[in-house]
>>> print(open('data.cif').read())   # mmCIF, N, CA and C atoms
data_my_file
#
loop_
_atom_site.label_atom_id
_atom_site.label_comp_id
_atom_site.auth_asym_id
_atom_site.auth_seq_id
_atom_site.Cartn_x
_atom_site.Cartn_y
_atom_site.Cartn_z
N MET A 1 -21.60 5.73 -25.02
CA MET A 1 -22.74 5.10 -24.43
C MET A 1 -23.99 5.63 -25.13
N LYS A 2 -24.89 4.72 -25.46
CA LYS A 2 -26.14 5.09 -26.10
C LYS A 2 -27.29 4.93 -25.10
N ILE A 3 -28.12 5.97 -24.99
CA ILE A 3 -29.31 5.91 -24.16
C ILE A 3 -30.47 6.48 -24.96
N ILE A 4 -31.67 6.23 -24.49
CA ILE A 4 -32.86 6.77 -25.12
C ILE A 4 -33.49 7.75 -24.13
N VAL A 5 -33.64 9.00 -24.55
CA VAL A 5 -34.22 10.04 -23.70
C VAL A 5 -35.50 10.53 -24.35
N ASN A 6 -36.61 10.30 -23.66
CA ASN A 6 -37.92 10.69 -24.18
C ASN A 6 -38.12 10.21 -25.61
N GLY A 7 -37.72 8.97 -25.87
CA GLY A 7 -37.93 8.35 -27.17
C GLY A 7 -36.90 8.66 -28.23
N GLU A 8 -35.90 9.48 -27.90
CA GLU A 8 -34.87 9.84 -28.88
C GLU A 8 -33.53 9.23 -28.50
N ASN A 9 -32.85 8.63 -29.48
CA ASN A 9 -31.53 8.07 -29.25
C ASN A 9 -30.52 9.18 -29.03
N GLN A 10 -29.66 9.00 -28.02
CA GLN A 10 -28.60 9.96 -27.74
C GLN A 10 -27.32 9.20 -27.43
N GLU A 11 -26.18 9.83 -27.71
CA GLU A 11 -24.89 9.26 -27.35
C GLU A 11 -24.20 10.22 -26.39
N HIS A 12 -23.62 9.65 -25.33
CA HIS A 12 -22.94 10.43 -24.31
C HIS A 12 -21.68 9.71 -23.88
N THR A 13 -20.77 10.48 -23.29
CA THR A 13 -19.58 9.88 -22.71
C THR A 13 -19.92 9.38 -21.32
N VAL A 14 -19.14 8.46 -20.82
CA VAL A 14 -19.38 7.92 -19.48
C VAL A 14 -18.31 8.46 -18.53
N PRO A 15 -18.54 8.55 -17.24
CA PRO A 15 -19.81 8.29 -16.58
C PRO A 15 -20.79 9.46 -16.77
N LEU A 16 -22.07 9.13 -16.72
CA LEU A 16 -23.12 10.13 -16.89
C LEU A 16 -24.16 9.89 -15.81
N THR A 17 -24.28 10.85 -14.91
CA THR A 17 -25.31 10.75 -13.88
C THR A 17 -26.58 11.44 -14.38
N VAL A 18 -27.66 11.22 -13.69
CA VAL A 18 -28.92 11.89 -14.06
C VAL A 18 -28.74 13.40 -13.96
N THR A 19 -28.08 13.87 -12.92
CA THR A 19 -27.84 15.31 -12.77
C THR A 19 -27.06 15.86 -13.95
N THR A 20 -26.01 15.16 -14.38
CA THR A 20 -25.21 15.60 -15.51
C THR A 20 -26.05 15.64 -16.79
N LEU A 21 -26.88 14.64 -16.99
CA LEU A 21 -27.76 14.62 -18.16
C LEU A 21 -28.69 15.81 -18.14
N LEU A 22 -29.29 16.08 -17.00
CA LEU A 22 -30.21 17.22 -16.90
C LEU A 22 -29.50 18.54 -17.16
N GLN A 23 -28.26 18.66 -16.68
CA GLN A 23 -27.48 19.87 -16.95
C GLN A 23 -27.21 20.02 -18.44
N LYS A 24 -26.86 18.91 -19.11
CA LYS A 24 -26.61 18.96 -20.55
C LYS A 24 -27.86 19.37 -21.33
N LEU A 25 -29.03 18.99 -20.79
CA LEU A 25 -30.30 19.32 -21.44
C LEU A 25 -30.85 20.66 -20.97
N ASP A 26 -30.09 21.36 -20.11
CA ASP A 26 -30.47 22.66 -19.56
C ASP A 26 -31.80 22.59 -18.79
N LEU A 27 -31.93 21.54 -17.97
CA LEU A 27 -33.11 21.36 -17.14
C LEU A 27 -32.71 21.41 -15.67
N GLN A 28 -33.58 21.98 -14.85
CA GLN A 28 -33.30 22.06 -13.42
C GLN A 28 -33.93 20.88 -12.70
N THR A 29 -33.18 20.29 -11.78
CA THR A 29 -33.64 19.08 -11.10
C THR A 29 -34.92 19.30 -10.30
N GLU A 30 -35.14 20.52 -9.84
CA GLU A 30 -36.32 20.81 -9.03
C GLU A 30 -37.61 20.83 -9.86
N GLN A 31 -37.49 20.89 -11.16
CA GLN A 31 -38.65 21.06 -12.02
C GLN A 31 -38.96 19.84 -12.87
N VAL A 32 -38.34 18.69 -12.57
CA VAL A 32 -38.58 17.51 -13.39
C VAL A 32 -38.74 16.26 -12.53
N ALA A 33 -39.39 15.28 -13.11
CA ALA A 33 -39.41 13.92 -12.58
C ALA A 33 -38.68 13.06 -13.61
N VAL A 34 -37.91 12.09 -13.13
CA VAL A 34 -37.12 11.26 -14.03
C VAL A 34 -37.42 9.79 -13.76
N GLU A 35 -37.63 9.07 -14.86
CA GLU A 35 -37.86 7.63 -14.81
C GLU A 35 -36.77 6.96 -15.65
N VAL A 36 -36.12 5.96 -15.08
CA VAL A 36 -35.09 5.20 -15.80
C VAL A 36 -35.53 3.73 -15.83
N ASN A 37 -35.71 3.22 -17.02
CA ASN A 37 -36.11 1.82 -17.19
C ASN A 37 -37.35 1.49 -16.34
N LEU A 38 -38.35 2.36 -16.42
CA LEU A 38 -39.64 2.20 -15.74
C LEU A 38 -39.58 2.37 -14.22
N THR A 39 -38.46 2.87 -13.68
CA THR A 39 -38.34 3.14 -12.25
C THR A 39 -38.28 4.65 -12.05
N ILE A 40 -39.22 5.18 -11.27
CA ILE A 40 -39.22 6.61 -10.96
C ILE A 40 -38.15 6.86 -9.90
N LEU A 41 -37.27 7.80 -10.17
CA LEU A 41 -36.16 8.07 -9.27
C LEU A 41 -36.50 9.13 -8.24
N ASP A 42 -35.98 8.95 -7.04
CA ASP A 42 -36.04 9.98 -6.01
C ASP A 42 -35.05 11.07 -6.43
N ARG A 43 -35.45 12.31 -6.30
CA ARG A 43 -34.61 13.43 -6.72
C ARG A 43 -33.25 13.40 -6.02
N LEU A 44 -33.20 12.88 -4.80
CA LEU A 44 -31.94 12.82 -4.05
C LEU A 44 -30.92 11.88 -4.69
N THR A 45 -31.38 10.95 -5.53
CA THR A 45 -30.45 10.01 -6.18
C THR A 45 -29.90 10.53 -7.51
N PHE A 46 -30.41 11.65 -8.01
CA PHE A 46 -29.96 12.17 -9.31
C PHE A 46 -28.44 12.32 -9.39
N PRO A 47 -27.77 12.89 -8.36
CA PRO A 47 -26.32 13.09 -8.48
C PRO A 47 -25.50 11.80 -8.50
N THR A 48 -26.05 10.72 -7.97
CA THR A 48 -25.27 9.48 -7.88
C THR A 48 -25.75 8.38 -8.80
N TRP A 49 -26.91 8.55 -9.42
CA TRP A 49 -27.47 7.51 -10.31
C TRP A 49 -26.73 7.57 -11.64
N GLU A 50 -25.87 6.59 -11.89
CA GLU A 50 -25.12 6.55 -13.15
C GLU A 50 -25.92 5.81 -14.20
N LEU A 51 -26.12 6.47 -15.33
CA LEU A 51 -26.84 5.86 -16.44
C LEU A 51 -25.94 4.85 -17.13
N GLN A 52 -26.56 3.80 -17.66
CA GLN A 52 -25.84 2.72 -18.31
C GLN A 52 -26.22 2.66 -19.79
N ASP A 53 -25.35 2.06 -20.59
CA ASP A 53 -25.62 1.89 -22.00
C ASP A 53 -26.96 1.18 -22.18
N GLY A 54 -27.82 1.74 -23.02
CA GLY A 54 -29.11 1.14 -23.31
C GLY A 54 -30.25 1.59 -22.40
N ASP A 55 -29.96 2.41 -21.38
CA ASP A 55 -31.02 2.87 -20.49
C ASP A 55 -32.07 3.68 -21.25
N LYS A 56 -33.30 3.54 -20.79
CA LYS A 56 -34.42 4.32 -21.34
C LYS A 56 -34.83 5.32 -20.28
N VAL A 57 -34.67 6.61 -20.60
CA VAL A 57 -34.92 7.68 -19.66
C VAL A 57 -36.12 8.50 -20.13
N GLU A 58 -37.03 8.73 -19.21
CA GLU A 58 -38.16 9.61 -19.48
C GLU A 58 -38.07 10.78 -18.51
N ILE A 59 -38.16 11.99 -19.04
CA ILE A 59 -38.08 13.19 -18.22
C ILE A 59 -39.38 13.96 -18.38
N LEU A 60 -40.03 14.21 -17.25
CA LEU A 60 -41.28 14.96 -17.24
C LEU A 60 -41.04 16.30 -16.57
N SER A 61 -41.41 17.39 -17.26
CA SER A 61 -41.25 18.72 -16.71
C SER A 61 -42.52 19.21 -16.07
N PHE A 62 -42.37 19.94 -14.98
CA PHE A 62 -43.52 20.54 -14.29
C PHE A 62 -43.59 22.00 -14.66
N PHE A 63 -44.80 22.50 -14.81
CA PHE A 63 -44.97 23.93 -15.03
C PHE A 63 -46.29 24.34 -14.42
N GLY A 64 -46.37 25.61 -14.02
CA GLY A 64 -47.55 26.13 -13.36
C GLY A 64 -48.60 26.58 -14.36
N GLY A 65 -49.74 26.90 -13.81
CA GLY A 65 -50.82 27.40 -14.65
C GLY A 65 -52.13 26.81 -14.22
N GLY A 66 -53.14 27.05 -14.99
CA GLY A 66 -54.44 26.50 -14.67
C GLY A 66 -55.51 27.57 -14.72
N ALA A 67 -56.72 27.16 -14.41
CA ALA A 67 -57.85 28.08 -14.45
C ALA A 67 -57.85 28.99 -13.24
N SER A 68 -58.35 30.19 -13.44
CA SER A 68 -58.40 31.13 -12.31
C SER A 68 -59.74 31.07 -11.62
#
>>> encode(input="data.cif", output="structure tokens")
Amino acid sequence: MKIIVNGENQEHTVPLTVTTLLQKLDLQTEQVAVEVNLTILDRLTFPTWELQDGDKVEILSFFGGGAS
């Protein structure tokens, strides 16, 4: 299965859930927002949302910081 993650082509075996993808990318679900085909996903759906061939996935990471 071919998907696009943050603009980069990737190939994965199926089935692939959002949680599994995040684990493969060494990302924690609590620290990211995920959009699939322009739909922002609820974090609770990550374990059951199966990615499909051709999906476009955008992953945004959160990090702390700022002015004191």
>>> atom_distance(input="data.cif", atom1="atom CA of Leu22 of chain A", atom2="atom C of Val5 of chain A")
11.3 Å
>>> atom_distance(input="data.cif", atom1="atom N of Ile4 of chain A", atom2="atom C of Phe62 of chain A")
22.1 Å
>>> atom_distance(input="data.cif", atom1="atom N of Leu60 of chain A", atom2="atom CA of Glu35 of chain A")
7.3 Å
>>> resolve_selection(input="data.cif", expression="the PyMOL selection byres ((chain A and resi 61) around 6.5)", output="PDB file with N, CA and C atoms, in the frame of the given file")
ATOM      1  N   GLN A  31     -37.490  20.890 -11.160  1.00  0.00           N
ATOM      2  CA  GLN A  31     -38.650  21.060 -12.020  1.00  0.00           C
ATOM      3  C   GLN A  31     -38.960  19.840 -12.870  1.00  0.00           C
ATOM      4  N   VAL A  32     -38.340  18.690 -12.570  1.00  0.00           N
ATOM      5  CA  VAL A  32     -38.580  17.510 -13.390  1.00  0.00           C
ATOM      6  C   VAL A  32     -38.740  16.260 -12.530  1.00  0.00           C
ATOM      7  N   ALA A  33     -39.390  15.280 -13.110  1.00  0.00           N
ATOM      8  CA  ALA A  33     -39.410  13.920 -12.580  1.00  0.00           C
ATOM      9  C   ALA A  33     -38.680  13.060 -13.610  1.00  0.00           C
ATOM     10  N   ILE A  59     -38.160  11.990 -19.040  1.00  0.00           N
ATOM     11  CA  ILE A  59     -38.080  13.190 -18.220  1.00  0.00           C
ATOM     12  C   ILE A  59     -39.380  13.960 -18.380  1.00  0.00           C
ATOM     13  N   LEU A  60     -40.030  14.210 -17.250  1.00  0.00           N
ATOM     14  CA  LEU A  60     -41.280  14.960 -17.240  1.00  0.00           C
ATOM     15  C   LEU A  60     -41.040  16.300 -16.570  1.00  0.00           C
ATOM     16  N   PHE A  62     -42.370  19.940 -14.980  1.00  0.00           N
ATOM     17  CA  PHE A  62     -43.520  20.540 -14.290  1.00  0.00           C
ATOM     18  C   PHE A  62     -43.590  22.000 -14.660  1.00  0.00           C
ATOM     19  N   PHE A  63     -44.800  22.500 -14.810  1.00  0.00           N
ATOM     20  CA  PHE A  63     -44.970  23.930 -15.030  1.00  0.00           C
ATOM     21  C   PHE A  63     -46.290  24.340 -14.420  1.00  0.00           C
TER      22      PHE A  63
END
>>> residues_around(input="data.cif", residues="segment 44-56 of chain A", least_positions_apart="5", cutoff="7 Å", atoms="only N, CA and C atoms", output="ChimeraX atom specification")
/A:1-6,15-20,35-38
>>> select_by_dssp(input="data.cif", residues="segment 3-66 of chain A", states="helix (DSSP H, G or I)", output="ChimeraX atom specification")
/A:18-24,29-31,43-45
>>> write_last_selection(input="data.cif", atoms="N, CA and C atoms", output="PDB file, in the frame of the given file")
ATOM      1  N   VAL A  18     -27.660  11.220 -13.690  1.00  0.00           N
ATOM      2  CA  VAL A  18     -28.920  11.890 -14.060  1.00  0.00           C
ATOM      3  C   VAL A  18     -28.740  13.400 -13.960  1.00  0.00           C
ATOM      4  N   THR A  19     -28.080  13.870 -12.920  1.00  0.00           N
ATOM      5  CA  THR A  19     -27.840  15.310 -12.770  1.00  0.00           C
ATOM      6  C   THR A  19     -27.060  15.860 -13.950  1.00  0.00           C
ATOM      7  N   THR A  20     -26.010  15.160 -14.380  1.00  0.00           N
ATOM      8  CA  THR A  20     -25.210  15.600 -15.510  1.00  0.00           C
ATOM      9  C   THR A  20     -26.050  15.640 -16.790  1.00  0.00           C
ATOM     10  N   LEU A  21     -26.880  14.640 -16.990  1.00  0.00           N
ATOM     11  CA  LEU A  21     -27.760  14.620 -18.160  1.00  0.00           C
ATOM     12  C   LEU A  21     -28.690  15.810 -18.140  1.00  0.00           C
ATOM     13  N   LEU A  22     -29.290  16.080 -17.000  1.00  0.00           N
ATOM     14  CA  LEU A  22     -30.210  17.220 -16.900  1.00  0.00           C
ATOM     15  C   LEU A  22     -29.500  18.540 -17.160  1.00  0.00           C
ATOM     16  N   GLN A  23     -28.260  18.660 -16.680  1.00  0.00           N
ATOM     17  CA  GLN A  23     -27.480  19.870 -16.950  1.00  0.00           C
ATOM     18  C   GLN A  23     -27.210  20.020 -18.440  1.00  0.00           C
ATOM     19  N   LYS A  24     -26.860  18.910 -19.110  1.00  0.00           N
ATOM     20  CA  LYS A  24     -26.610  18.960 -20.550  1.00  0.00           C
ATOM     21  C   LYS A  24     -27.860  19.370 -21.330  1.00  0.00           C
ATOM     22  N   THR A  29     -33.180  20.290 -11.780  1.00  0.00           N
ATOM     23  CA  THR A  29     -33.640  19.080 -11.100  1.00  0.00           C
ATOM     24  C   THR A  29     -34.920  19.300 -10.300  1.00  0.00           C
ATOM     25  N   GLU A  30     -35.140  20.520  -9.840  1.00  0.00           N
ATOM     26  CA  GLU A  30     -36.320  20.810  -9.030  1.00  0.00           C
ATOM     27  C   GLU A  30     -37.610  20.830  -9.860  1.00  0.00           C
ATOM     28  N   GLN A  31     -37.490  20.890 -11.160  1.00  0.00           N
ATOM     29  CA  GLN A  31     -38.650  21.060 -12.020  1.00  0.00           C
ATOM     30  C   GLN A  31     -38.960  19.840 -12.870  1.00  0.00           C
ATOM     31  N   ARG A  43     -35.450  12.310  -6.300  1.00  0.00           N
ATOM     32  CA  ARG A  43     -34.610  13.430  -6.720  1.00  0.00           C
ATOM     33  C   ARG A  43     -33.250  13.400  -6.020  1.00  0.00           C
ATOM     34  N   LEU A  44     -33.200  12.880  -4.800  1.00  0.00           N
ATOM     35  CA  LEU A  44     -31.940  12.820  -4.050  1.00  0.00           C
ATOM     36  C   LEU A  44     -30.920  11.880  -4.690  1.00  0.00           C
ATOM     37  N   THR A  45     -31.380  10.950  -5.530  1.00  0.00           N
ATOM     38  CA  THR A  45     -30.450  10.010  -6.180  1.00  0.00           C
ATOM     39  C   THR A  45     -29.900  10.530  -7.510  1.00  0.00           C
TER      40      THR A  45
END
>>> select_by_dssp(input="data.cif", residues="segment 5-51 of chain A", states="strand (DSSP E)", output="compact mmCIF listing (two decimals) with N, CA and C atoms, in the coordinates of the input")
# COMPACT_ATOMS: atom_id res chain seq x y z
N VAL A 5 -33.64 9.00 -24.55
CA VAL A 5 -34.22 10.04 -23.70
C VAL A 5 -35.50 10.53 -24.35
N GLU A 8 -35.90 9.48 -27.90
CA GLU A 8 -34.87 9.84 -28.88
C GLU A 8 -33.53 9.23 -28.50
N ASN A 9 -32.85 8.63 -29.48
CA ASN A 9 -31.53 8.07 -29.25
C ASN A 9 -30.52 9.18 -29.03
N GLN A 10 -29.66 9.00 -28.02
CA GLN A 10 -28.60 9.96 -27.74
C GLN A 10 -27.32 9.20 -27.43
N GLU A 11 -26.18 9.83 -27.71
CA GLU A 11 -24.89 9.26 -27.35
C GLU A 11 -24.20 10.22 -26.39
N VAL A 32 -38.34 18.69 -12.57
CA VAL A 32 -38.58 17.51 -13.39
C VAL A 32 -38.74 16.26 -12.53
N ALA A 33 -39.39 15.28 -13.11
CA ALA A 33 -39.41 13.92 -12.58
C ALA A 33 -38.68 13.06 -13.61
N VAL A 34 -37.91 12.09 -13.13
CA VAL A 34 -37.12 11.26 -14.03
C VAL A 34 -37.42 9.79 -13.76
N GLU A 35 -37.63 9.07 -14.86
CA GLU A 35 -37.86 7.63 -14.81
C GLU A 35 -36.77 6.96 -15.65
N VAL A 36 -36.12 5.96 -15.08
CA VAL A 36 -35.09 5.20 -15.80
C VAL A 36 -35.53 3.73 -15.83
N THR A 39 -38.46 2.87 -13.68
CA THR A 39 -38.34 3.14 -12.25
C THR A 39 -38.28 4.65 -12.05
N ILE A 40 -39.22 5.18 -11.27
CA ILE A 40 -39.22 6.61 -10.96
C ILE A 40 -38.15 6.86 -9.90
>>> axis_aligned_box(input="data.cif", around="segment 19-26 of chain A", padding_each_side="3 Å", output="JSON")
{"center_x": -28.5, "center_y": 18.3, "center_z": -17.1, "size_x": 12.6, "size_y": 14.8, "size_z": 14.7}
>>> build_atoms(input="data.cif", residues="segment 33-58 of chain A", atoms="N, CA, C and O atoms", output="mmCIF file, in the frame of the given file")
data_model
loop_
_atom_site.group_PDB
_atom_site.id
_atom_site.type_symbol
_atom_site.label_atom_id
_atom_site.label_comp_id
_atom_site.auth_asym_id
_atom_site.auth_seq_id
_atom_site.Cartn_x
_atom_site.Cartn_y
_atom_site.Cartn_z
ATOM 1 N N ALA A 33 -39.390 15.280 -13.110
ATOM 2 C CA ALA A 33 -39.410 13.920 -12.580
ATOM 3 C C ALA A 33 -38.680 13.060 -13.610
ATOM 4 O O ALA A 33 -38.809 13.289 -14.814
ATOM 5 N N VAL A 34 -37.910 12.090 -13.130
ATOM 6 C CA VAL A 34 -37.120 11.260 -14.030
ATOM 7 C C VAL A 34 -37.420 9.790 -13.760
ATOM 8 O O VAL A 34 -37.438 9.340 -12.621
ATOM 9 N N GLU A 35 -37.630 9.070 -14.860
ATOM 10 C CA GLU A 35 -37.860 7.630 -14.810
ATOM 11 C C GLU A 35 -36.770 6.960 -15.650
ATOM 12 O O GLU A 35 -36.499 7.389 -16.770
ATOM 13 N N VAL A 36 -36.120 5.960 -15.080
ATOM 14 C CA VAL A 36 -35.090 5.200 -15.800
ATOM 15 C C VAL A 36 -35.530 3.730 -15.830
ATOM 16 O O VAL A 36 -35.723 3.126 -14.772
ATOM 17 N N ASN A 37 -35.710 3.220 -17.020
ATOM 18 C CA ASN A 37 -36.110 1.820 -17.190
ATOM 19 C C ASN A 37 -37.350 1.490 -16.340
ATOM 20 O O ASN A 37 -37.376 0.486 -15.629
ATOM 21 N N LEU A 38 -38.350 2.360 -16.420
ATOM 22 C CA LEU A 38 -39.640 2.200 -15.740
ATOM 23 C C LEU A 38 -39.580 2.370 -14.220
ATOM 24 O O LEU A 38 -40.541 2.047 -13.525
ATOM 25 N N THR A 39 -38.460 2.870 -13.680
ATOM 26 C CA THR A 39 -38.340 3.140 -12.250
ATOM 27 C C THR A 39 -38.280 4.650 -12.050
ATOM 28 O O THR A 39 -37.392 5.318 -12.583
ATOM 29 N N ILE A 40 -39.220 5.180 -11.270
ATOM 30 C CA ILE A 40 -39.220 6.610 -10.960
ATOM 31 C C ILE A 40 -38.150 6.860 -9.900
ATOM 32 O O ILE A 40 -38.146 6.203 -8.855
ATOM 33 N N LEU A 41 -37.270 7.800 -10.170
ATOM 34 C CA LEU A 41 -36.160 8.070 -9.270
ATOM 35 C C LEU A 41 -36.500 9.130 -8.240
ATOM 36 O O LEU A 41 -37.194 10.108 -8.548
ATOM 37 N N ASP A 42 -35.980 8.950 -7.040
ATOM 38 C CA ASP A 42 -36.040 9.980 -6.010
ATOM 39 C C ASP A 42 -35.050 11.070 -6.430
ATOM 40 O O ASP A 42 -33.916 10.766 -6.829
ATOM 41 N N ARG A 43 -35.450 12.310 -6.300
ATOM 42 C CA ARG A 43 -34.610 13.430 -6.720
ATOM 43 C C ARG A 43 -33.250 13.400 -6.020
ATOM 44 O O ARG A 43 -32.240 13.847 -6.569
ATOM 45 N N LEU A 44 -33.200 12.880 -4.800
ATOM 46 C CA LEU A 44 -31.940 12.820 -4.050
ATOM 47 C C LEU A 44 -30.920 11.880 -4.690
ATOM 48 O O LEU A 44 -29.720 11.987 -4.426
ATOM 49 N N THR A 45 -31.380 10.950 -5.530
ATOM 50 C CA THR A 45 -30.450 10.010 -6.180
ATOM 51 C C THR A 45 -29.900 10.530 -7.510
ATOM 52 O O THR A 45 -28.997 9.909 -8.062
ATOM 53 N N PHE A 46 -30.410 11.650 -8.010
ATOM 54 C CA PHE A 46 -29.960 12.170 -9.310
ATOM 55 C C PHE A 46 -28.440 12.320 -9.390
ATOM 56 O O PHE A 46 -27.839 11.940 -10.395
ATOM 57 N N PRO A 47 -27.770 12.890 -8.360
ATOM 58 C CA PRO A 47 -26.320 13.090 -8.480
ATOM 59 C C PRO A 47 -25.500 11.800 -8.500
ATOM 60 O O PRO A 47 -24.378 11.791 -9.005
ATOM 61 N N THR A 48 -26.050 10.720 -7.970
ATOM 62 C CA THR A 48 -25.270 9.480 -7.880
ATOM 63 C C THR A 48 -25.750 8.380 -8.800
ATOM 64 O O THR A 48 -25.068 7.364 -8.960
ATOM 65 N N TRP A 49 -26.910 8.550 -9.420
ATOM 66 C CA TRP A 49 -27.470 7.510 -10.310
ATOM 67 C C TRP A 49 -26.730 7.570 -11.640
ATOM 68 O O TRP A 49 -26.932 8.484 -12.437
ATOM 69 N N GLU A 50 -25.870 6.590 -11.890
ATOM 70 C CA GLU A 50 -25.120 6.550 -13.150
ATOM 71 C C GLU A 50 -25.920 5.810 -14.200
ATOM 72 O O GLU A 50 -26.349 4.677 -13.989
ATOM 73 N N LEU A 51 -26.120 6.470 -15.330
ATOM 74 C CA LEU A 51 -26.840 5.860 -16.440
ATOM 75 C C LEU A 51 -25.940 4.850 -17.130
ATOM 76 O O LEU A 51 -24.716 5.017 -17.198
ATOM 77 N N GLN A 52 -26.560 3.800 -17.660
ATOM 78 C CA GLN A 52 -25.840 2.720 -18.310
ATOM 79 C C GLN A 52 -26.220 2.660 -19.790
ATOM 80 O O GLN A 52 -27.303 3.119 -20.179
ATOM 81 N N ASP A 53 -25.350 2.060 -20.590
ATOM 82 C CA ASP A 53 -25.620 1.890 -22.000
ATOM 83 C C ASP A 53 -26.960 1.180 -22.180
ATOM 84 O O ASP A 53 -27.230 0.161 -21.533
ATOM 85 N N GLY A 54 -27.820 1.740 -23.020
ATOM 86 C CA GLY A 54 -29.110 1.140 -23.310
ATOM 87 C C GLY A 54 -30.250 1.590 -22.400
ATOM 88 O O GLY A 54 -31.395 1.181 -22.614
ATOM 89 N N ASP A 55 -29.960 2.410 -21.380
ATOM 90 C CA ASP A 55 -31.020 2.870 -20.490
ATOM 91 C C ASP A 55 -32.070 3.680 -21.250
ATOM 92 O O ASP A 55 -31.757 4.398 -22.213
ATOM 93 N N LYS A 56 -33.300 3.540 -20.790
ATOM 94 C CA LYS A 56 -34.420 4.320 -21.340
ATOM 95 C C LYS A 56 -34.830 5.320 -20.280
ATOM 96 O O LYS A 56 -35.264 4.953 -19.194
ATOM 97 N N VAL A 57 -34.670 6.610 -20.600
ATOM 98 C CA VAL A 57 -34.920 7.680 -19.660
ATOM 99 C C VAL A 57 -36.120 8.500 -20.130
ATOM 100 O O VAL A 57 -36.193 8.891 -21.286
ATOM 101 N N GLU A 58 -37.030 8.730 -19.210
ATOM 102 C CA GLU A 58 -38.160 9.610 -19.480
ATOM 103 C C GLU A 58 -38.070 10.780 -18.510
ATOM 104 O O GLU A 58 -37.909 10.580 -17.299
#
